[in-house]
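Chemist: Below is data35.csv; it holds CSV, C-alpha atoms and all ligand atoms.
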```
chain,number,residue,atom,x,y,z
U,1,MET,CA,57.0,30.3,-19.2
U,2,ASN,CA,58.8,29.9,-22.5
U,3,GLN,CA,59.0,26.1,-23.0
U,4,ILE,CA,61.4,26.3,-26.0
U,5,LYS,CA,63.8,28.6,-24.1
U,6,ILE,CA,63.6,26.3,-21.1
U,7,GLY,CA,64.3,23.3,-23.3
U,8,ALA,CA,67.3,24.9,-24.9
U,9,PHE,CA,68.6,25.8,-21.5
U,10,ILE,CA,68.3,22.2,-20.3
U,11,SER,CA,70.1,21.1,-23.4
U,12,ASP,CA,73.0,23.6,-22.8
U,13,CYS,CA,73.3,22.6,-19.2
U,14,ARG,CA,73.3,18.9,-20.0
U,15,LYS,CA,76.0,19.4,-22.6
U,16,ALA,CA,78.1,21.5,-20.2
U,17,LYS,CA,78.1,18.4,-17.9
U,18,GLY,CA,79.2,16.2,-20.8
U,19,TRP,CA,76.2,14.0,-20.6
U,20,THR,CA,74.1,12.5,-23.5
U,21,GLN,CA,70.3,12.7,-23.4
U,22,ASN,CA,70.4,9.1,-22.5
U,23,GLN,CA,72.7,9.7,-19.5
U,24,LEU,CA,70.6,12.5,-18.1
U,25,GLY,CA,67.5,10.4,-18.6
U,26,GLU,CA,69.0,7.6,-16.7
U,27,LYS,CA,69.9,9.7,-13.7
U,28,LEU,CA,66.3,10.9,-13.6
U,29,GLY,CA,64.6,7.6,-14.4
U,30,VAL,CA,63.2,8.8,-17.7
U,31,THR,CA,63.9,7.8,-21.3
U,32,ASP,CA,66.2,9.7,-23.7
U,33,LYS,CA,63.0,10.4,-25.7
U,34,ALA,CA,61.5,12.3,-22.8
U,35,VAL,CA,64.7,14.4,-22.5
U,36,SER,CA,64.7,15.1,-26.2
U,37,LYS,CA,61.1,16.3,-25.9
U,38,TRP,CA,62.0,18.7,-23.1
U,39,GLU,CA,65.0,20.0,-25.0
U,40,THR,CA,63.0,20.8,-28.1
U,41,GLY,CA,60.3,22.5,-26.1
U,42,ARG,CA,57.7,19.9,-27.0
U,43,SER,CA,57.0,19.0,-23.3
U,44,MET,CA,58.0,20.1,-19.8
U,45,PRO,CA,59.5,17.7,-17.2
U,46,ASP,CA,57.0,16.4,-14.7
U,47,LEU,CA,56.8,18.6,-11.7
U,48,SER,CA,58.3,15.9,-9.5
U,49,LEU,CA,61.5,16.0,-11.6
U,50,PHE,CA,62.0,19.8,-11.2
U,51,MET,CA,64.1,19.6,-8.1
U,52,PRO,CA,66.2,16.6,-9.1
U,53,LEU,CA,66.8,18.1,-12.5
U,54,CYS,CA,67.9,21.4,-11.0
U,55,SER,CA,70.3,19.7,-8.6
U,56,LEU,CA,71.8,17.5,-11.4
U,57,LEU,CA,72.3,20.5,-13.7
U,58,GLU,CA,73.4,22.7,-10.7
U,59,ILE,CA,70.8,25.4,-11.5
U,60,THR,CA,68.1,27.0,-9.4
U,61,LEU,CA,64.4,26.5,-9.9
U,62,ASN,CA,64.1,30.1,-10.9
U,63,GLU,CA,66.8,29.6,-13.5
U,64,LEU,CA,65.1,26.5,-14.9
U,65,LEU,CA,61.8,28.4,-15.2
U,66,ALA,CA,63.5,31.4,-16.7
U,67,GLY,CA,65.4,29.2,-19.1
U,68,GLU,CA,68.7,31.1,-18.4
U,69,ARG,CA,71.3,31.7,-15.7
U,70,ILE,CA,70.3,34.4,-13.2
U,71,PRO,CA,73.6,35.8,-11.9
U,72,GLU,CA,72.1,37.8,-9.0
U,73,GLU,CA,70.1,34.8,-7.9
U,74,ASN,CA,70.9,33.9,-4.3
U,75,LEU,CA,67.9,32.1,-3.0
U,76,LYS,CA,68.8,29.8,-0.3
U,77,GLU,CA,68.7,26.1,-1.3
U,78,LYS,CA,66.3,25.1,1.4
U,79,THR,CA,64.0,28.1,0.8
U,80,GLU,CA,63.8,27.1,-2.8
U,81,GLU,CA,62.8,23.5,-1.9
U,82,ILE,CA,60.1,24.8,0.3
U,83,LEU,CA,59.0,27.3,-2.4
U,84,PHE,CA,58.6,24.4,-4.7
U,85,GLU,CA,56.4,22.5,-2.3
U,86,VAL,CA,54.4,25.6,-1.7
U,87,ILE,CA,53.7,25.7,-5.4
U,88,THR,CA,52.8,22.1,-5.6
U,89,ASN,CA,50.4,22.8,-2.8
U,90,TRP,CA,48.0,23.8,-5.6
U,91,LEU,CA,47.7,20.3,-6.8
U,92,GLY,CA,44.4,18.6,-6.1
U,93,ASN,CA,42.6,21.8,-5.2
U,94,ASP,CA,39.1,21.2,-6.2
U,95,LYS,CA,37.4,21.2,-2.9
U,96,TRP,CA,36.3,24.5,-1.4
U,97,GLU,CA,34.5,23.1,1.6
U,98,LEU,CA,34.4,25.0,4.9
U,99,ARG,CA,35.4,23.1,8.0
U,100,GLU,CA,32.5,21.6,9.8
U,101,ASP,CA,31.4,23.4,13.0
U,102,GLY,CA,31.8,21.4,16.1
U,103,VAL,CA,35.4,20.3,15.6
U,104,GLU,CA,36.9,23.4,17.2
U,105,ALA,CA,37.6,21.5,20.4
U,106,LYS,CA,39.9,19.2,18.6
U,107,ASN,CA,43.6,20.1,18.4
U,108,VAL,CA,45.2,20.4,15.0
U,109,LEU,CA,48.7,20.6,16.5
U,110,GLU,CA,50.1,18.8,19.5
U,111,VAL,CA,53.7,19.6,20.5
U,112,ARG,CA,55.0,17.4,23.4
U,113,ASP,CA,58.3,18.0,25.2
U,114,VAL,CA,60.1,19.1,22.1
U,115,SER,CA,63.8,20.1,22.2
U,116,LYS,CA,66.2,20.9,19.5
U,117,ILE,CA,70.0,21.0,20.0
U,118,TYR,CA,72.2,22.4,17.2
U,119,ASN,CA,75.8,21.1,17.4
U,120,THR,CA,78.4,23.0,15.5
U,121,GLU,CA,82.2,22.5,15.7
U,122,ASN,CA,82.8,23.8,19.1
U,123,THR,CA,79.4,24.9,20.4
U,124,SER,CA,76.1,23.3,21.2
U,125,THR,CA,73.0,25.4,21.2
U,126,LEU,CA,69.7,24.4,22.9
U,127,ALA,CA,67.5,26.4,20.4
U,128,VAL,CA,64.2,24.8,21.6
U,129,ASP,CA,64.0,23.6,25.2
U,130,SER,CA,61.3,21.1,26.3
U,131,VAL,CA,58.4,22.9,24.6
U,132,SER,CA,54.8,21.6,24.9
U,133,PHE,CA,51.6,23.2,23.6
U,134,GLN,CA,48.4,22.5,21.6
U,135,ILE,CA,46.6,24.5,19.0
U,136,PRO,CA,42.9,24.0,18.5
U,137,TYR,CA,41.3,24.0,15.0
U,138,GLY,CA,40.4,27.3,13.6
U,139,SER,CA,42.6,29.4,15.9
U,140,PHE,CA,45.1,32.1,15.1
U,141,VAL,CA,48.1,31.6,17.3
U,142,GLY,CA,51.2,33.9,17.6
U,143,ILE,CA,54.7,33.1,18.7
U,144,MET,CA,56.6,36.1,20.1
U,145,GLY,CA,60.1,36.5,21.6
U,146,ALA,CA,63.4,38.3,21.1
U,147,SER,CA,65.7,37.5,18.3
U,148,GLY,CA,67.4,34.2,18.9
U,149,SER,CA,64.7,32.9,21.3
U,150,GLY,CA,64.0,29.9,19.1
U,151,LYS,CA,60.8,31.0,17.2
U,152,THR,CA,62.0,30.0,13.7
U,153,THR,CA,63.5,26.8,14.9
U,154,LEU,CA,60.2,25.8,16.5
U,155,LEU,CA,58.2,26.7,13.4
U,156,ASN,CA,60.7,24.7,11.2
U,157,LEU,CA,60.3,21.7,13.5
U,158,ILE,CA,56.5,21.9,13.0
U,159,ALA,CA,56.9,22.4,9.3
U,160,THR,CA,58.9,19.1,9.1
U,161,ILE,CA,61.8,21.2,7.6
U,162,ASP,CA,63.9,20.4,10.7
U,163,THR,CA,63.8,17.3,13.0
U,164,PRO,CA,63.6,17.6,16.8
U,165,THR,CA,66.3,16.2,19.0
U,166,ASN,CA,63.6,15.0,21.4
U,167,GLY,CA,59.9,15.0,21.7
U,168,ALA,CA,56.8,14.4,19.7
U,169,ILE,CA,54.8,16.5,17.2
U,170,GLU,CA,51.4,15.5,15.9
U,171,ILE,CA,49.5,17.3,13.2
U,172,ASN,CA,45.9,16.3,12.8
U,173,GLY,CA,46.7,13.1,14.7
U,174,GLN,CA,49.7,12.2,12.5
U,175,ASP,CA,53.1,11.8,14.1
U,176,ILE,CA,55.4,13.8,11.8
U,177,VAL,CA,58.7,13.3,13.5
U,178,ASP,CA,59.6,9.9,12.2
U,179,LEU,CA,58.3,10.2,8.7
U,180,SER,CA,60.9,9.6,5.9
U,181,GLU,CA,62.1,12.6,3.9
U,182,ILE,CA,59.8,11.6,1.0
U,183,ASP,CA,56.8,11.3,3.3
U,184,LYS,CA,57.6,14.6,4.9
U,185,ALA,CA,57.7,16.3,1.5
U,186,LYS,CA,54.3,14.7,0.7
U,187,PHE,CA,53.0,15.7,4.1
U,188,ARG,CA,54.0,19.3,3.6
U,189,ARG,CA,52.4,19.4,0.2
U,190,GLU,CA,49.1,18.0,1.4
U,191,HIS,CA,48.7,19.3,4.9
U,192,LEU,CA,50.7,22.5,5.4
U,193,GLY,CA,50.5,26.1,3.9
U,194,PHE,CA,53.4,28.5,4.1
U,195,VAL,CA,53.7,32.3,4.2
U,196,PHE,CA,57.2,33.7,4.7
U,197,GLN,CA,58.6,37.2,5.0
U,198,GLU,CA,60.3,36.8,1.6
U,199,TYR,CA,60.9,34.3,-1.1
U,200,ASN,CA,57.2,33.5,-1.5
U,201,LEU,CA,57.0,33.9,-5.3
U,202,LEU,CA,59.0,32.9,-8.3
U,203,GLU,CA,60.2,36.2,-9.9
U,204,THR,CA,60.2,35.0,-13.5
U,205,LEU,CA,56.5,34.1,-13.5
U,206,THR,CA,53.4,36.4,-13.4
U,207,ILE,CA,51.2,36.4,-10.3
U,208,TYR,CA,48.7,34.3,-12.2
U,209,GLU,CA,51.4,31.8,-13.3
U,210,ASN,CA,52.8,31.7,-9.8
U,211,ILE,CA,49.4,30.6,-8.6
U,212,ALA,CA,48.7,28.3,-11.5
U,213,LEU,CA,52.1,26.7,-12.2
U,214,ALA,CA,51.6,23.4,-10.5
U,215,LEU,CA,48.1,23.0,-12.1
U,216,THR,CA,49.5,23.8,-15.5
U,217,VAL,CA,52.3,21.3,-15.3
U,218,LYS,CA,49.8,18.6,-14.1
U,219,GLU,CA,47.6,19.3,-17.1
U,220,ILE,CA,44.5,20.2,-15.2
U,221,PRO,CA,42.1,21.8,-17.7
U,222,LYS,CA,42.9,25.5,-18.3
U,223,ASN,CA,39.4,26.7,-17.6
U,224,LYS,CA,39.4,25.0,-14.3
U,225,ILE,CA,42.7,26.5,-13.3
U,226,LYS,CA,41.4,29.9,-14.3
U,227,GLN,CA,38.3,29.4,-12.2
U,228,ILE,CA,40.3,28.5,-9.1
U,229,VAL,CA,42.8,31.3,-9.5
U,230,LEU,CA,40.1,33.9,-10.2
U,231,ASN,CA,37.9,32.8,-7.3
U,232,LEU,CA,40.7,33.1,-4.8
U,233,SER,CA,42.3,36.3,-6.2
U,234,GLU,CA,38.9,38.1,-6.0
U,235,ARG,CA,38.6,37.1,-2.4
U,236,LEU,CA,42.0,38.3,-1.6
U,237,ASP,CA,41.7,41.5,-3.7
U,238,ILE,CA,44.5,40.7,-6.2
U,239,SER,CA,42.4,40.1,-9.3
U,240,THR,CA,43.7,43.2,-11.0
U,241,ILE,CA,47.4,42.2,-10.8
U,242,LEU,CA,47.3,38.7,-12.1
U,243,ASP,CA,49.2,39.7,-15.3
U,244,LYS,CA,52.0,41.4,-13.5
U,245,PHE,CA,55.3,40.0,-12.3
U,246,PRO,CA,56.1,39.9,-8.6
U,247,TYR,CA,58.5,42.8,-8.9
U,248,GLU,CA,55.8,45.0,-10.3
U,249,VAL,CA,53.4,44.6,-7.4
U,250,SER,CA,53.6,45.7,-3.8
U,251,GLY,CA,54.9,43.6,-0.9
U,252,GLY,CA,51.4,43.4,0.5
U,253,GLN,CA,50.0,42.1,-2.8
U,254,ARG,CA,52.8,39.5,-2.9
U,255,GLN,CA,51.9,38.3,0.5
U,256,ARG,CA,48.2,38.0,-0.3
U,257,CYS,CA,49.2,36.0,-3.3
U,258,ALA,CA,51.2,33.7,-1.0
U,259,CYS,CA,48.1,33.5,1.3
U,260,ALA,CA,45.9,32.5,-1.6
U,261,ARG,CA,48.3,29.7,-2.4
U,262,ALA,CA,48.7,28.6,1.2
U,263,VAL,CA,44.9,28.3,1.8
U,264,SER,CA,44.1,26.7,-1.6
U,265,VAL,CA,44.5,23.1,-0.5
U,266,ASN,CA,42.6,23.6,2.7
U,267,PRO,CA,45.7,22.8,4.8
U,268,ASP,CA,45.6,21.5,8.4
U,269,ILE,CA,47.7,24.5,9.4
U,270,ILE,CA,49.2,27.6,7.8
U,271,LEU,CA,52.7,28.4,9.1
U,272,ALA,CA,53.8,32.0,8.8
U,273,ASP,CA,57.3,33.3,9.8
U,274,GLU,CA,57.3,37.1,10.2
U,275,PRO,CA,54.9,37.5,7.3
U,276,THR,CA,54.5,41.2,8.0
U,277,GLY,CA,58.2,41.8,8.6
U,278,ALA,CA,58.9,43.5,5.3
U,279,LEU,CA,55.5,45.4,5.0
U,280,ASP,CA,54.5,49.0,5.8
U,281,SER,CA,51.9,49.2,8.5
U,282,ASN,CA,49.0,49.6,6.0
U,283,ALA,CA,49.9,46.5,4.1
U,284,ALA,CA,50.6,44.6,7.3
U,285,ARG,CA,47.1,45.4,8.6
U,286,GLN,CA,45.6,44.2,5.3
U,287,LEU,CA,47.6,41.0,5.5
U,288,LEU,CA,46.4,40.4,9.1
U,289,ASP,CA,42.8,41.1,8.0
U,290,THR,CA,43.4,38.5,5.3
U,291,PHE,CA,44.5,36.0,7.9
U,292,MET,CA,41.4,36.8,10.0
U,293,MET,CA,39.2,36.2,6.9
U,294,LEU,CA,40.9,32.9,6.2
U,295,ARG,CA,40.3,31.8,9.7
U,296,ASN,CA,36.7,33.0,9.9
U,297,ASP,CA,35.5,32.1,6.4
U,298,TYR,CA,37.8,29.1,5.5
U,299,GLY,CA,38.2,27.7,9.0
U,300,ALA,CA,42.0,28.0,8.6
U,301,THR,CA,44.3,27.4,11.5
U,302,ILE,CA,47.2,29.8,11.6
U,303,LEU,CA,50.5,29.8,13.5
U,304,MET,CA,52.4,33.0,13.0
U,305,VAL,CA,55.8,34.0,14.3
U,306,THR,CA,56.1,37.8,14.8
U,307,HIS,CA,58.0,40.3,16.9
U,308,ASP,CA,55.5,43.0,16.1
U,309,VAL,CA,53.0,43.7,18.9
U,310,LEU,CA,50.4,45.2,16.4
U,311,SER,CA,50.4,41.9,14.4
U,312,ALA,CA,50.3,39.8,17.6
U,313,SER,CA,47.2,41.7,18.8
U,314,TYR,CA,45.2,40.0,16.0
U,315,CYS,CA,45.9,36.6,17.4
U,316,ASP,CA,43.6,34.5,19.7
U,317,GLN,CA,46.6,33.3,21.7
U,318,ILE,CA,50.3,34.3,22.0
U,319,LEU,CA,53.1,32.0,23.1
U,320,PHE,CA,56.0,34.0,24.5
U,321,MET,CA,59.4,32.4,23.9
U,322,LYS,CA,62.7,33.1,25.7
U,323,ASP,CA,65.9,31.1,25.5
U,324,GLY,CA,64.1,28.2,23.7
U,325,LYS,CA,61.3,27.9,26.3
U,326,ILE,CA,57.7,29.0,26.3
U,327,LYS,CA,57.8,31.4,29.2
U,328,THR,CA,54.1,32.2,29.3
U,329,VAL,CA,50.9,32.1,27.3
U,330,LEU,CA,48.4,34.9,26.8
U,331,ASN,CA,44.8,34.3,25.7
U,332,ARG,CA,42.8,37.0,24.1
U,333,LYS,CA,39.4,35.7,25.1
U,334,GLN,CA,36.8,38.5,24.8
U,335,GLU,CA,39.3,41.4,24.9
U,336,SER,CA,39.3,44.0,22.1
U,337,LYS,CA,42.3,44.2,19.9
U,338,GLN,CA,43.3,47.4,21.7
U,339,ALA,CA,43.0,45.8,25.1
U,340,PHE,CA,44.9,42.8,23.9
U,341,PHE,CA,47.6,45.0,22.5
U,342,THR,CA,48.1,46.5,26.0
U,343,SER,CA,48.1,43.1,27.6
U,344,ILE,CA,50.8,42.0,25.2
U,345,LEU,CA,53.0,45.0,26.1
U,346,GLU,CA,52.5,44.3,29.8
U,347,LYS,CA,53.5,40.7,29.3
U,348,MET,CA,56.6,41.7,27.4
U,349,ALA,CA,57.6,44.1,30.1
U,350,TRP,CA,57.0,41.3,32.6
U,351,ILE,CA,59.3,39.0,30.7
U,352,ALA,CA,62.0,41.7,30.4
U,353,GLY,CA,61.7,42.3,34.2
U,354,ASP,CA,62.0,38.6,34.8
U,355,GLU,CA,65.3,38.7,33.0
U,356,ASN,CA,66.5,41.5,35.1
U,357,ASN,CA,65.7,39.6,38.3
U,358,VAL,CA,67.7,36.6,37.1
U,359,LEU,CA,70.7,38.7,36.4
U,401,LIG,P1,64.5,33.3,16.4
U,401,LIG,O1,63.7,32.9,15.2
U,401,LIG,O2,63.6,33.4,17.6
U,401,LIG,O3,65.2,34.6,16.1
U,401,LIG,P2,66.1,30.9,15.9
U,401,LIG,O4,65.2,29.8,16.0
U,401,LIG,O5,66.4,31.4,14.5
U,401,LIG,O6,65.5,32.2,16.7
U,401,LIG,O7,67.4,30.6,16.7
U,401,LIG,C1,67.5,30.1,18.0
U,401,LIG,C2,68.9,29.8,18.4
U,401,LIG,O8,69.4,28.7,17.6
U,401,LIG,C3,69.9,30.9,18.1
U,401,LIG,O9,70.8,30.9,19.1
U,401,LIG,C4,70.5,30.5,16.8
U,401,LIG,O10,71.8,31.0,16.7
U,401,LIG,C5,70.5,29.0,16.9
U,401,LIG,N1,70.4,28.4,15.6
U,401,LIG,C6,69.3,28.5,14.7
U,401,LIG,N2,69.5,27.7,13.6
U,401,LIG,C7,70.7,27.1,13.8
U,401,LIG,C8,71.5,26.2,13.0
U,401,LIG,N3,71.0,25.8,11.8
U,401,LIG,N4,72.7,25.8,13.5
U,401,LIG,C9,73.2,26.3,14.6
U,401,LIG,N5,72.5,27.1,15.4
U,401,LIG,C10,71.3,27.5,15.0
U,402,MG,MG,63.4,33.8,13.2
```
If you took the structure in this file and wrote it as structure tokens, what would it be?
Ligand code: ADP
Ligand code: MG

Modeler:
Amino acid sequence: MNQIKIGAFISDCRKAKGWTQNQLGEKLGVTDKAVSKWETGRSMPDLSLFMPLCSLLEITLNELLAGERIPEENLKEKTEEILFEVITNWLGNDKWELREDGVEAKNVLEVRDVSKIYNTENTSTLAVDSVSFQIPYGSFVGIMGASGSGKTTLLNLIATIDTPTNGAIEINGQDIVDLSEIDKAKFRREHLGFVFQEYNLLETLTIYENIALALTVKEIPKNKIKQIVLNLSERLDISTILDKFPYEVSGGQRQRCACARAVSVNPDIILADEPTGALDSNAARQLLDTFMMLRNDYGATILMVTHDVLSASYCDQILFMKDGKIKTVLNRKQESKQAFFTSILEKMAWIAGDENNVL
């Protein structure tokens, strides 16, 4: 990160808007002195001001951190907000405790009779239809279903990114549906970890910086940040690529970096939407092994959307969705991965057959 370049960029964008330092400061609730410090590269805006600043200056987070316009940049606005929260997830990470044994019976997630209706101009889509299920601590649960069956919508409802039309969702005993937007953002930062198919990393920062960004901005001592980053990267086999930029490393390495970040705060639950979707089969297997390790060694609870049977066969339980409903649930119990793989295929055939019967 080049603080001087970022400062000059903020200054240019502000002037393009026709605002004085004082006017920009007022909009952000800071003094003109603070703005002046940013613009001369003497300090960085507080992390909490990144998103408001970007939206005022009409630039993306990547552009702010790069200190220049990125013409090809087309990250979706929402994705970027989430990305920001993913990064701030690093804050406050100084505990490395494993979850206590004996709490497995407790549910980390409770979804009760949840529905989501999307109303557009002339259509109304029931994307999630009266769904109920629970996830116990320390389990690895998959959601499968054809495209359009409501998987992403369900995950977004649990992620507090979207709000259900009906029903209740509790994470670790906390009702998340009625939280204010500010409290939702705080909840995501403190209780959730995210791994997506894409958009997991900021392209203008090195892998190390991607991991350390939030800690750096919060002025946590450098050696402590280093210790945290090195510890996790060793565990996830990405220590040798910390100086590289995301575009210089493989998709699998990027995803493991995202995993490192997701688990760092010891979140209640890690939410993953098609995390292996863009990976070749070797890298996918490595990522799934990483998830298993996070579950076994860090007690992480993982909810993963996938349409890949191979990925799903790593899970303890699979929820099969169709037309917004959970059609059936499959538990792995003591089955081997291979046997579970076969059971999943059978279940999928059964669901497809069910469809033929209806027609
Ligand atoms: P999946 O992830 O299983 O492919 P989605 O959850 O993305 O399915 O979509 C479920 C249904 O809801 C689809 O019919 C989709 O077109 C619709 N849908 C999803 N998001 C929106 C939205 N923001 N507005 C309107 N319809 C939506
Ligand atoms: Mg989807």

Chemist: What's the 9 Å shell around Ala258 (chain U), counting all atoms listed in the file, without same-chain residues fewer than 6 positions away, as a ChimeraX atom specification?

Modeler: /U:86,194-196,200-201,211

Chemist: Could you build a table of the residues in region 255-294 of chain U lying no more than 12 Å from region 156-175 of chain U, giving for each the nearest pair of atoms and their separation in Å rounded to one decimal place, using all atoms listed in the file, ordered by chain and ascending residue number, as CSV?

Modeler:
```
residue,atom,partner,partner_atom,distance
U:Pro267,CA,U:Asn172,CA,10.3
U:Asp268,CA,U:Asn172,CA,6.8
U:Ile269,CA,U:Ile171,CA,8.3
U:Ile270,CA,U:Ala159,CA,9.4
U:Leu271,CA,U:Ala159,CA,7.3
U:Ala272,CA,U:Ala159,CA,10.1
U:Asp273,CA,U:Asn156,CA,9.4
```

Chemist: Figure out the distance between CA of Lys186 (chain U) and CA of Gly299 (chain U), please, to one decimal in Å.

Modeler: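 Computing the Euclidean distance for CA of Gly299 (chain U) and CA of Lys186 (chain U) yields 22.3 Å.
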
Chemist: With all atoms listed in the file as the atoms that count, which of U:Ser149, U:Thr60, U:Asn266, U:Thr125 lies nearest to ligand MG 402 (chain U)?

Modeler: U:Ser149

Chemist: Determine the nearest neighbour of Ile225 (chain U) from the options U:Ile241, U:Ala8, U:Leu126, U:Ala212, counting only C-alpha atoms.

Modeler: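 For Ile225 (chain U), the nearest of the given residues is U:Ala212.
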
Chemist: Nearest residue to ligand LIG 401 (chain U) out of U:Gly324, U:Gly41, U:Gly353, U:Pro221, using all atoms listed in the file?

Modeler: U:Gly324

Chemist: Near Ile143 (chain U), counting all atoms listed in the file, which residues have an atom at most 7 Å away, once you skip same-chain residues fewer than 4 positions from it, shown as a compact mmCIF listing (two decimals) with C-alpha atoms, in the coordinates of the input?

Modeler:
```txt
# COMPACT_ATOMS: atom_id res chain seq x y z
CA LYS U 151 60.80 31.00 17.20
CA MET U 304 52.40 33.00 13.00
CA VAL U 305 55.80 34.00 14.30
CA THR U 306 56.10 37.80 14.80
CA ILE U 318 50.30 34.30 22.00
CA LEU U 319 53.10 32.00 23.10
CA PHE U 320 56.00 34.00 24.50
```

Chemist: May I have the residues within 10 Å of Lys327 (chain U) as an MDAnalysis selection string, using all atoms listed in the file and disregarding those fewer than 4 positions away in the same chain?

Modeler: chainID U and resid 131 145 319:323 351

Chemist: How would you write, as number ranges by chain, the set of residues no farther than 6 Å from ligand LIG 401 (chain U) when counting all atoms listed in the file?

Modeler: U: 118, 127, 147-153

Chemist: Can you tell me how far CA of Leu310 (chain U) sits from CA of Ser130 (chain U), in Å to one decimal?

Modeler: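 These two atoms are separated by 28.2 Å.
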
Chemist: Which is closer to ligand MG 402 (chain U) than all the others in U:Lys337, U:Ala146, U:Asn331, U:Asn296, using only C-alpha atoms and all ligand atoms?

Modeler: U:Ala146

Chemist: Just the number, please: distance in Å from CA of Glu181 (chain U) to CA of Glu26 (chain U), one decimal.

Modeler: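 Going from CA of Glu181 (chain U) over to CA of Glu26 (chain U) covers 22.3 Å.
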
Chemist: Between U:Asp12, U:Lys116, U:Ile207, U:Ser311, which is the closest to Glu248 (chain U) once you count all atoms listed in the file?

Modeler: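 Once distances to Glu248 (chain U) are computed over all atoms listed in the file, the minimum belongs to U:Ile207.
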
Chemist: Counting all atoms listed in the file, figure out which residue out of U:Thr120, U:Asn62, U:Gln197, U:Ser180 gets nearest to ligand MG 402 (chain U).

Modeler: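 Using all atoms listed in the file, ligand MG 402 (chain U) sits closest to U:Gln197.
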
Chemist: Considering all atoms listed in the file, return as a PyMOL selection string whatever protein or nucleic-acid residues lie within 12 Å of Ala283 (chain U), sequence-local ones (same chain, fewer than 3 positions apart) excluded.

Modeler: chain U and resi 250-256+275-280+286-290+311
